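What follows is a single structure, written as structure tokens, with notes after it.
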Amino acid sequence: SCTYSLSTSGQNFTAAGGAGTLTMTAPAGCAWTTASSQSFVVVTGGASGSGTGTINFTVAANTTSSTRTATITAGGQIFSIWQAGVVTS
């Protein structure tokens, strides 16, 4: 049977955003796809794969003062993203 696991369950980002990498671990021949829940998180690599592979993503800059969250789902596993808002003085 196919069991999937991600290298980490979540990551924090500053308002500036940035790039991140996840490792998907799965048995050979087990296919998976990757999806982002929000438009500010874009999967740039590893949108689909089979077996163990790497998922790359970018988080856009947050121009508001509100914290925002998103998830990346891959192989039924959920990776959470928290992004801080801009600090206004």
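Naming scheme: A, B, ... for chains in displayed order of the structure tokens; residues 1 onward per chain; ligands 1 onward as shown.
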*asked:* So that I can see what lies close to A:Ala70, please list as a VMD selection string the residues with an atom at most 12 Å from it, counting only C-alpha atoms and leaving out residues fewer than 5 positions away in the same chain.
replied: chain A and resid 10 to 13 35 to 42 57 to 60 78 to 84
*Which residue out of A:Thr14, A:Thr8, A:Ser48, A:Thr34 has the minimum interatomic distance to A:Thr63 when only C-alpha atoms are used?*
A:Thr14
*Go through chain A and collect every residue that DSSP, computed from the backbone, puts in strand (DSSP E); the answer should be as a VMD selection string.*
chain A and resid 5 to 6 10 to 13 18 to 25 31 to 36 41 to 45 48 to 50 53 to 59 68 to 74 77 to 83
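For A:Thr52, the set of protein, DNA and RNA residues having any atom at most 8 Å away, when counting only C-alpha atoms and skipping those fewer than 4 positions along the same chain, is Thr23, Met24, Thr25, Ala26, Pro27 and Ala28 of chain A.
Distances here use only C-alpha atoms; by that measure, the residue among A:Val87, A:Cys30, A:Ile72, A:Ala61 closest to A:Cys2 is A:Cys30.
Proximity to A:Leu6 was assessed for A:Val86, A:Val43, A:Leu22, A:Ala31 counting only C-alpha atoms; the smallest distance is recorded for A:Leu22.
You can rank A:Thr71, A:Gly76, A:Ser5, A:Gly85 by their closest distance to A:Gly53 using only C-alpha atoms, and at the top of that list sits A:Ser5.
Taking atom CA of A:Gly17 and atom CA of A:Ala74 as endpoints, the distance between them is 21.0 Å.
Residue nearest A:Gly75, chosen from A:Ser1, A:Thr33, A:Asn62, A:Thr54 and counting only C-alpha atoms: A:Thr33.
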